[in-house]
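Have a look at protein-v6.cif below; it lists mmCIF, C-alpha atoms.
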```cif
data_coords
loop_
_atom_site.label_atom_id
_atom_site.label_comp_id
_atom_site.auth_asym_id
_atom_site.auth_seq_id
_atom_site.Cartn_x
_atom_site.Cartn_y
_atom_site.Cartn_z
CA MET A 1 0.00 0.00 0.00
CA THR A 2 1.37 3.42 -0.97
CA ASN A 3 2.10 5.63 2.02
CA SER A 4 2.23 9.41 2.04
CA ASN A 5 6.04 9.45 1.83
CA GLU A 6 6.51 6.89 -0.95
CA ILE A 7 8.14 8.28 -4.08
CA ALA A 8 7.46 6.67 -7.46
CA ARG A 9 10.43 6.04 -9.74
CA ILE A 10 11.21 4.73 -13.19
CA ASP A 11 14.26 2.55 -13.58
CA VAL A 12 15.47 2.05 -17.14
CA ASN A 13 17.76 -0.77 -16.04
CA GLN A 14 14.77 -2.69 -14.69
CA LEU A 15 12.57 -1.90 -17.69
CA VAL A 16 15.22 -3.13 -20.12
CA ALA A 17 15.76 -6.31 -18.10
CA GLU A 18 12.01 -7.01 -18.09
CA ARG A 19 11.65 -6.26 -21.79
CA TYR A 20 14.67 -8.33 -22.87
CA PRO A 21 15.08 -10.99 -20.19
CA ASN A 22 17.31 -13.22 -22.30
CA ARG A 23 19.61 -10.55 -23.69
CA LYS A 24 22.64 -8.76 -22.33
CA ILE A 25 22.25 -5.12 -23.26
CA PRO A 26 25.57 -3.20 -23.26
CA GLY A 27 25.87 -0.70 -20.43
CA PHE A 28 26.54 2.26 -22.73
CA ILE A 29 23.25 1.61 -24.52
CA VAL A 30 21.33 1.53 -21.22
CA LYS A 31 23.06 4.75 -20.18
CA LEU A 32 22.05 6.36 -23.47
CA LEU A 33 18.46 5.17 -23.01
CA LYS A 34 18.37 6.76 -19.56
CA LYS A 35 19.41 10.08 -21.05
CA ILE A 36 17.00 9.90 -23.97
CA ALA A 37 14.12 8.85 -21.69
CA CYS A 38 14.95 11.72 -19.29
CA GLN A 39 14.97 9.28 -16.39
CA ASP A 40 16.45 11.80 -13.95
CA GLN A 41 13.95 14.51 -14.91
CA ILE A 42 10.98 12.17 -14.62
CA ASN A 43 12.14 10.93 -11.23
CA ALA A 44 12.64 14.52 -10.08
CA LEU A 45 9.03 15.19 -11.06
CA PHE A 46 7.93 12.13 -9.08
CA ALA A 47 10.02 13.23 -6.10
CA SER A 48 8.26 16.60 -6.08
CA ALA A 49 4.94 14.86 -5.35
CA PRO A 50 5.62 12.01 -2.89
CA GLY A 51 2.66 9.68 -2.41
CA LYS A 52 0.40 11.67 -4.74
CA LYS A 53 -1.50 10.05 -7.58
CA ASN A 54 -4.26 10.66 -10.09
CA LEU A 55 -5.62 14.24 -10.00
CA ASN A 56 -3.48 15.18 -7.00
CA PHE A 57 -0.40 14.22 -8.99
CA ILE A 58 -1.71 16.14 -12.02
CA ASP A 59 -2.09 19.24 -9.84
CA ALA A 60 1.44 18.81 -8.50
CA SER A 61 2.79 18.31 -12.02
CA MET A 62 1.18 21.53 -13.25
CA ASP A 63 2.90 23.37 -10.40
CA TYR A 64 6.25 21.63 -10.89
CA LEU A 65 6.28 22.23 -14.65
CA ARG A 66 4.94 25.79 -14.18
CA VAL A 67 2.42 25.27 -16.97
CA SER A 68 -1.09 26.64 -17.18
CA CYS A 69 -4.07 26.11 -19.45
CA GLN A 70 -6.26 28.88 -20.84
CA VAL A 71 -9.67 27.35 -21.55
CA VAL A 72 -11.72 28.87 -24.36
CA GLY A 73 -15.33 27.69 -24.42
CA LYS A 74 -15.40 26.22 -20.91
CA GLU A 75 -19.14 26.95 -20.86
CA ASN A 76 -19.51 24.19 -23.47
CA LEU A 77 -18.52 21.50 -20.96
CA PRO A 78 -21.81 19.73 -20.20
CA ASP A 79 -23.11 19.85 -16.64
CA THR A 80 -24.43 16.32 -16.73
CA GLN A 81 -24.28 13.01 -14.91
CA ARG A 82 -24.20 11.16 -18.23
CA PRO A 83 -20.73 9.91 -19.16
CA LEU A 84 -19.17 11.52 -22.23
CA ILE A 85 -16.41 10.90 -24.75
CA PHE A 86 -13.90 13.73 -25.09
CA VAL A 87 -11.79 13.66 -28.26
CA TYR A 88 -8.75 15.84 -28.83
CA ASN A 89 -5.85 16.41 -31.19
CA HIS A 90 -2.45 15.07 -30.17
CA PRO A 91 0.11 17.77 -30.97
CA GLN A 92 2.87 17.23 -28.43
CA GLY A 93 2.80 13.80 -26.85
CA GLY A 94 2.23 14.46 -23.17
CA ILE A 95 1.65 18.03 -22.06
CA GLU A 96 -1.84 18.08 -23.57
CA ALA A 97 -2.84 15.03 -21.50
CA ILE A 98 -1.61 16.69 -18.29
CA CYS A 99 -3.47 19.93 -19.03
CA ILE A 100 -6.68 18.26 -20.21
CA ALA A 101 -6.66 15.96 -17.18
CA TYR A 102 -6.28 19.02 -14.97
CA VAL A 103 -9.20 20.87 -16.57
CA LEU A 104 -11.61 17.94 -16.92
CA GLY A 105 -10.57 16.30 -13.67
CA HIS A 106 -11.62 19.34 -11.67
CA VAL A 107 -14.85 19.85 -13.62
CA TYR A 108 -15.92 16.21 -13.35
CA ASP A 109 -14.67 15.27 -9.89
CA SER A 110 -11.78 13.12 -11.16
CA LYS A 111 -14.17 10.82 -13.07
CA ILE A 112 -12.05 10.61 -16.23
CA LYS A 113 -9.92 7.95 -17.87
CA PHE A 114 -7.53 8.15 -20.80
CA PHE A 115 -6.80 5.57 -23.44
CA ALA A 116 -3.02 5.16 -23.28
CA ASN A 117 -0.30 2.95 -24.70
CA GLU A 118 0.73 0.13 -22.39
CA PHE A 119 4.21 1.56 -21.79
CA LEU A 120 2.69 4.53 -19.98
CA THR A 121 1.70 2.24 -17.12
CA VAL A 122 5.27 2.72 -15.85
CA LEU A 123 4.04 6.15 -14.71
CA THR A 124 2.79 4.73 -11.42
CA PRO A 125 1.10 7.89 -10.05
CA LEU A 126 -1.15 8.05 -13.12
CA ARG A 127 -1.76 4.34 -13.71
CA GLU A 128 -5.32 4.40 -12.34
CA MET A 129 -6.27 7.12 -14.86
CA PHE A 130 -5.32 4.96 -17.85
CA LEU A 131 -7.19 2.41 -19.92
CA PRO A 132 -4.11 0.72 -21.39
CA ILE A 133 -4.04 -0.29 -25.03
CA PHE A 134 -1.85 -3.33 -25.61
CA LYS A 135 -0.07 -4.13 -28.86
CA HIS A 136 -0.11 -7.93 -28.80
CA ARG A 137 -3.21 -9.72 -30.02
CA MET A 138 -3.63 -11.89 -26.91
CA GLN A 139 -3.25 -8.90 -24.64
CA ASN A 140 -5.87 -7.07 -26.68
CA ARG A 141 -8.35 -9.90 -26.03
CA ASN A 142 -7.57 -9.84 -22.33
CA ASN A 143 -7.88 -6.07 -22.25
CA ALA A 144 -11.20 -5.98 -24.11
CA ARG A 145 -13.16 -6.89 -20.97
CA VAL A 146 -11.56 -4.02 -19.05
CA ILE A 147 -12.63 -1.58 -21.75
CA THR A 148 -16.15 -3.03 -21.98
CA ASP A 149 -16.51 -2.82 -18.20
CA PHE A 150 -15.33 0.79 -18.29
CA TYR A 151 -18.22 1.80 -20.55
CA GLN A 152 -20.63 0.62 -17.84
CA THR A 153 -19.23 3.18 -15.39
CA ASP A 154 -20.00 6.88 -14.99
CA HIS A 155 -16.43 7.89 -15.85
CA HIS A 156 -15.78 10.02 -18.92
CA LEU A 157 -13.45 8.77 -21.65
CA VAL A 158 -10.70 11.07 -22.94
CA THR A 159 -8.99 9.92 -26.12
CA PHE A 160 -6.95 11.11 -29.10
CA PRO A 161 -8.38 9.34 -32.18
CA ALA A 162 -5.28 9.97 -34.33
CA GLY A 163 -3.47 7.30 -32.31
CA VAL A 164 -0.10 9.03 -32.80
CA THR A 165 1.25 12.54 -32.37
CA SER A 166 0.62 15.24 -34.94
CA HIS A 167 2.97 15.67 -37.88
CA LYS A 168 4.09 18.74 -39.77
CA LYS A 169 2.62 18.96 -43.25
CA LYS A 170 3.15 21.92 -45.57
CA GLY A 171 4.32 24.01 -42.64
CA LYS A 172 1.30 23.21 -40.46
CA VAL A 173 1.13 20.88 -37.48
CA THR A 174 -1.87 18.61 -37.96
CA ASP A 175 -3.24 15.24 -36.92
CA ARG A 176 -3.34 12.20 -39.13
CA GLU A 177 -6.70 10.62 -39.94
CA TRP A 178 -8.86 10.01 -36.86
CA SER A 179 -9.94 6.47 -36.07
CA LYS A 180 -13.66 5.72 -36.19
CA ASN A 181 -13.58 3.82 -32.87
CA PHE A 182 -14.91 6.72 -30.79
CA ILE A 183 -17.87 7.06 -33.14
CA THR A 184 -18.84 3.40 -32.86
CA ALA A 185 -18.41 3.59 -29.08
CA ALA A 186 -20.53 6.74 -28.88
CA ILE A 187 -23.35 4.99 -30.73
CA ARG A 188 -23.07 1.68 -28.90
CA TYR A 189 -22.91 3.18 -25.42
CA GLN A 190 -25.01 6.28 -26.15
CA ARG A 191 -22.34 8.76 -25.12
CA ASP A 192 -22.26 12.31 -26.48
CA VAL A 193 -18.95 13.48 -27.93
CA VAL A 194 -17.16 16.69 -26.94
CA PRO A 195 -14.44 17.89 -29.37
CA LEU A 196 -11.35 19.61 -27.95
CA TYR A 197 -8.43 21.34 -29.61
CA PHE A 198 -5.13 21.80 -27.74
CA ASP A 199 -2.75 24.38 -29.16
CA ALA A 200 0.84 23.10 -28.88
CA ARG A 201 3.68 21.72 -30.99
CA ASN A 202 6.99 19.93 -30.78
CA SER A 203 10.36 21.38 -31.79
CA ASP A 204 11.44 21.82 -35.41
CA MET A 205 14.12 19.20 -34.73
CA PHE A 206 11.41 16.65 -33.89
CA TYR A 207 9.61 17.25 -37.18
CA ARG A 208 12.86 17.21 -39.19
CA ILE A 209 13.75 13.81 -37.75
CA GLU A 210 10.24 12.54 -38.44
CA ASN A 211 10.37 13.75 -42.06
CA PHE A 212 13.83 12.24 -42.53
CA ARG A 213 12.57 8.90 -41.25
CA LYS A 214 9.72 9.02 -43.76
CA ARG A 215 12.06 9.87 -46.64
CA ILE A 216 14.30 6.89 -45.98
CA GLY A 217 11.28 4.64 -45.50
CA SER A 218 12.19 3.49 -42.00
CA PRO A 219 9.40 1.48 -40.33
CA VAL A 220 10.83 2.43 -36.91
CA ASN A 221 9.47 5.71 -35.55
CA PHE A 222 12.73 6.72 -33.91
CA GLU A 223 11.48 10.27 -33.28
CA VAL A 224 9.41 8.69 -30.48
CA ALA A 225 12.65 8.57 -28.48
CA LEU A 226 12.44 12.36 -28.21
CA PHE A 227 9.02 12.43 -26.52
CA ALA A 228 10.34 12.89 -22.98
CA HIS A 229 12.77 15.58 -24.11
CA GLU A 230 9.97 17.39 -25.95
CA PHE A 231 7.71 17.08 -22.91
CA PHE A 232 10.13 18.82 -20.56
CA ARG A 233 10.69 21.58 -23.13
CA GLN A 234 7.14 22.75 -22.42
CA GLN A 235 7.93 23.97 -18.90
CA GLY A 236 6.76 27.47 -18.03
CA LYS A 237 4.30 27.79 -20.92
CA THR A 238 0.60 28.62 -21.11
CA PHE A 239 -1.46 26.54 -23.51
CA PRO A 240 -4.87 27.37 -25.03
CA LEU A 241 -7.48 24.61 -24.86
CA PHE A 242 -10.56 25.09 -27.02
CA VAL A 243 -13.78 23.29 -26.06
CA GLY A 244 -16.53 22.64 -28.59
CA LYS A 245 -20.19 22.07 -27.99
CA PRO A 246 -21.20 18.47 -27.24
CA ILE A 247 -22.34 16.46 -30.23
CA PRO A 248 -25.31 14.20 -29.37
CA TRP A 249 -24.59 10.56 -30.10
CA GLU A 250 -27.78 10.41 -32.19
CA THR A 251 -26.02 12.73 -34.68
CA PHE A 252 -23.97 9.80 -35.94
CA ASP A 253 -26.70 8.23 -38.03
CA THR A 254 -26.46 6.01 -41.11
CA SER A 255 -26.32 8.95 -43.53
CA ARG A 256 -22.55 8.67 -43.24
CA SER A 257 -20.14 5.90 -42.29
CA PRO A 258 -18.40 5.97 -38.88
CA LYS A 259 -15.15 6.84 -40.69
CA GLU A 260 -16.83 9.81 -42.36
CA TRP A 261 -18.32 10.97 -39.04
CA ALA A 262 -14.87 10.73 -37.43
CA ALA A 263 -13.47 12.97 -40.16
CA ILE A 264 -16.28 15.49 -39.59
CA VAL A 265 -15.62 15.61 -35.83
CA ARG A 266 -11.91 16.03 -36.56
CA ASP A 267 -12.70 19.01 -38.78
CA ILE A 268 -14.86 20.48 -36.04
CA ALA A 269 -12.07 20.12 -33.48
CA PHE A 270 -9.50 21.72 -35.77
CA GLY A 271 -11.96 24.49 -36.58
CA LEU A 272 -12.51 25.47 -32.96
CA PRO A 273 -9.73 28.10 -32.84
CA GLY A 274 -11.58 29.82 -35.70
CA ARG A 275 -14.77 29.73 -33.62
CA THR A 276 -16.42 27.20 -35.96
CA THR A 277 -19.78 26.08 -34.61
CA LEU A 278 -21.60 22.80 -34.94
CA THR A 279 -24.49 24.41 -36.82
CA GLY A 280 -25.12 22.62 -40.08
CA GLN A 281 -22.59 19.88 -39.45
CA LYS A 282 -25.14 17.12 -39.27
#
```
Any chance you could put this one into structure tokens?
Amino acid sequence: MTNSNEIARIDVNQLVAERYPNRKIPGFIVKLLKKIACQDQINALFASAPGKKNLNFIDASMDYLRVSCQVVGKENLPDTQRPLIFVYNHPQGGIEAICIAYVLGHVYDSKIKFFANEFLTVLTPLREMFLPIFKHRMQNRNNARVITDFYQTDHHLVTFPAGVTSHKKKGKVTDREWSKNFITAAIRYQRDVVPLYFDARNSDMFYRIENFRKRIGSPVNFEVALFAHEFFRQQGKTFPLFVGKPIPWETFDTSRSPKEWAAIVRDIAFGLPGRTTLTGQK
């Protein structure tokens, strides 16, 4: 049981040993991984909030990172007991999740959960806020029950339908195509959808590396290694978060396919900074 003085930590040595139990990884590679993963910076963040987790840890992280979130359209957040699905763009890789968790967590009494990649479960203070998505087929089957059970609760789902961080295209930072999964879930579980747009970006170096990887046709997204570095670059900033009006789940009728509806919601989210409304979207 976690006590009030316990400090969470990540240990790259341990993670590597668990991931590759039958391999001897050279020490210099592990040392490099520690630096790339910003192990010391992450553990310093953990040490600043001993024993805290979930929304309390989010609050402490906002203070430690000296970041703030300017919410535009906060009046659009529904005052309802019905669980919702919040969908947002994924421009940076981490800071948007912290800020959105802070805003929605305080509005909805901590009743929020994020879809997250399985590797994020190493972030112990936030583990209870995640619905982990596993890569392996068997793990997906085992995890399906957890997700199905979640939809029977009164917790709100927060998810980024692009599945990966935004890329830079023709000088603009934009999401890739949004998955239709949130549309099918909205219909199946009768949850209204609230579009969000978070205004942030990674460094030019991040996008240059990503574009280089695409040019050489590498299947390995090695720019992902920069996520932690990019995350800590955001310290001291204020980020705008735009909130759209809720879209009733009944909107997603058979006049369009779920994939087409997902694209429409994506356009709505990306139009929010221009004060685009939902009028006429159905």
Check what the PyMOL selection byres ((chain A and resi 210) around 10) selects in the file above and give those residues as a PDB file with C-alpha atoms, in the frame of the given file.
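In the end it all went to selection-v3.pdb:
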```pdb
ATOM      1  CA  HIS A 167       2.970  15.670 -37.880  1.00  0.00           C
ATOM      2  CA  LYS A 168       4.090  18.740 -39.770  1.00  0.00           C
ATOM      3  CA  ASP A 204      11.440  21.820 -35.410  1.00  0.00           C
ATOM      4  CA  MET A 205      14.120  19.200 -34.730  1.00  0.00           C
ATOM      5  CA  PHE A 206      11.410  16.650 -33.890  1.00  0.00           C
ATOM      6  CA  TYR A 207       9.610  17.250 -37.180  1.00  0.00           C
ATOM      7  CA  ARG A 208      12.860  17.210 -39.190  1.00  0.00           C
ATOM      8  CA  ILE A 209      13.750  13.810 -37.750  1.00  0.00           C
ATOM      9  CA  ASN A 211      10.370  13.750 -42.060  1.00  0.00           C
ATOM     10  CA  PHE A 212      13.830  12.240 -42.530  1.00  0.00           C
ATOM     11  CA  ARG A 213      12.570   8.900 -41.250  1.00  0.00           C
ATOM     12  CA  LYS A 214       9.720   9.020 -43.760  1.00  0.00           C
ATOM     13  CA  ARG A 215      12.060   9.870 -46.640  1.00  0.00           C
ATOM     14  CA  SER A 218      12.190   3.490 -42.000  1.00  0.00           C
ATOM     15  CA  ASN A 221       9.470   5.710 -35.550  1.00  0.00           C
ATOM     16  CA  PHE A 222      12.730   6.720 -33.910  1.00  0.00           C
ATOM     17  CA  GLU A 223      11.480  10.270 -33.280  1.00  0.00           C
ATOM     18  CA  VAL A 224       9.410   8.690 -30.480  1.00  0.00           C
TER      19      VAL A 224
END
```
Tell me which of A:Leu32, A:Val265, A:Ile10, A:Ile58 sits closest to A:Phe119, counting all atoms listed in the file.
-> A:Ile10
Closest contacts (stretch 149-170 of chain A/stretch 179-185 of chain A, max 10 Å, all atoms listed in the file) as a tab-separated table:
```
residue	atom	partner	partner_atom	distance
A:Tyr151	CA	A:Ala185	CA	8.7
A:Leu157	CA	A:Phe182	CA	9.5
A:Val158	CA	A:Phe182	CA	9.9
A:Thr159	CA	A:Phe182	CA	8.2
A:Phe160	CA	A:Ser179	CA	8.9
A:Pro161	CA	A:Ser179	CA	5.1
A:Ala162	CA	A:Ser179	CA	6.1
A:Gly163	CA	A:Ser179	CA	7.5
```
Residues just named, written with C-alpha atoms as a compact mmCIF listing (two decimals), keeping the file's coordinate frame:
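So the final result, stored in out13.txt, reads:
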```
# COMPACT_ATOMS: atom_id res chain seq x y z
CA TYR A 151 -18.22 1.80 -20.55
CA LEU A 157 -13.45 8.77 -21.65
CA VAL A 158 -10.70 11.07 -22.94
CA THR A 159 -8.99 9.92 -26.12
CA PHE A 160 -6.95 11.11 -29.10
CA PRO A 161 -8.38 9.34 -32.18
CA ALA A 162 -5.28 9.97 -34.33
CA GLY A 163 -3.47 7.30 -32.31
```
Kindly resolve the PyMOL selection byres ((chain A and resi 91-107) around 8) on the present coordinates and return the residues as a PyMOL selection string.
-> chain A and resi 55+58-59+61-62+68-69+89-90+108-112+165-167+173-175+198-202+227+230-231+234+241
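As for atom CA of A:Leu77 and atom CA of A:Pro240, they are spaced 15.4 Å apart.
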Report the distance between atom CA of A:Ser48 and atom CA of A:Val72 in Å, rounded to one decimal place.
-> 29.7 Å
Can you tell me how far atom CA of A:Met129 sits from atom CA of A:Asn13, in Å to one decimal?
-> 25.3 Å
So which residues fall inside 7 Å of (-6.3, 3.1, -21.8) if we count only C-alpha atoms? Mind giving them as a compact mmCIF listing (two decimals) with C-alpha atoms, keeping the file's coordinate frame?
```txt
# COMPACT_ATOMS: atom_id res chain seq x y z
CA PHE A 114 -7.53 8.15 -20.80
CA PHE A 115 -6.80 5.57 -23.44
CA ALA A 116 -3.02 5.16 -23.28
CA ASN A 117 -0.30 2.95 -24.70
CA PHE A 130 -5.32 4.96 -17.85
CA LEU A 131 -7.19 2.41 -19.92
CA PRO A 132 -4.11 0.72 -21.39
CA ILE A 133 -4.04 -0.29 -25.03
```
Could you name the residues that touch A:Ala228 at 7 Å or less, counting all atoms listed in the file, but leaving out those on the same chain fewer than 3 positions away, as a PDB file with C-alpha atoms, keeping the file's coordinate frame?
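Saved to part.pdb:
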```
ATOM      1  CA  ALA A  37      14.120   8.850 -21.690  1.00  0.00           C
ATOM      2  CA  CYS A  38      14.950  11.720 -19.290  1.00  0.00           C
ATOM      3  CA  PHE A 231       7.710  17.080 -22.910  1.00  0.00           C
ATOM      4  CA  PHE A 232      10.130  18.820 -20.560  1.00  0.00           C
TER       5      PHE A 232
END
```
List, as a list of chain:residue names, every residue that the PyMOL selection byres ((chain A and resi 243) around 8) selects in the file provided.
->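 That selection, the PyMOL selection byres ((chain A and resi 243) around 8), comes back as A:Val71, A:Val72, A:Gly73, A:Lys74, A:Asn76, A:Leu77, A:Val194, A:Pro195, A:Leu196, A:Tyr197, A:Leu241, A:Phe242, A:Gly244, A:Lys245, A:Leu272.
Each of A:Val87, A:Ala60, A:Ala8, A:Ala225 was compared to A:Ala262 using all atoms listed in the file, and A:Val87 turns out to be the nearest.
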Using only the atoms of stretch 149-164 of chain A listed in the file, plus 6 Å on each side, state the axis-aligned box centre and edge lengths in Å rounded to one decimal, as AutoDock Vina command-line options.
```
--center_x -10.4 --center_y 4.1 --center_z -24.7 --size_x 32.5 --size_y 25.9 --size_z 31.3
```
Go through A:Leu126, A:Val30, A:Ile147, A:Ile216 and flag the residue nearest A:Phe57, using all atoms listed in the file for the distances.
->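 Residue with the minimum atom-to-atom distance to A:Phe57: A:Leu126.
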Name all residues at most 7 Å from A:Asp192 (count all atoms listed in the file; drop same-chain ones fewer than 5 positions away) and give them as a PyMOL selection string.
-> chain A and resi 84-85+186+246-249
Rank A:Ile268, A:Leu15, A:Leu120, A:Leu65 by their smallest atom-to-atom distance to A:Arg233, using all atoms listed in the file, and report the top residue only.
->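 Closest to A:Arg233 of all the choices is A:Leu65.
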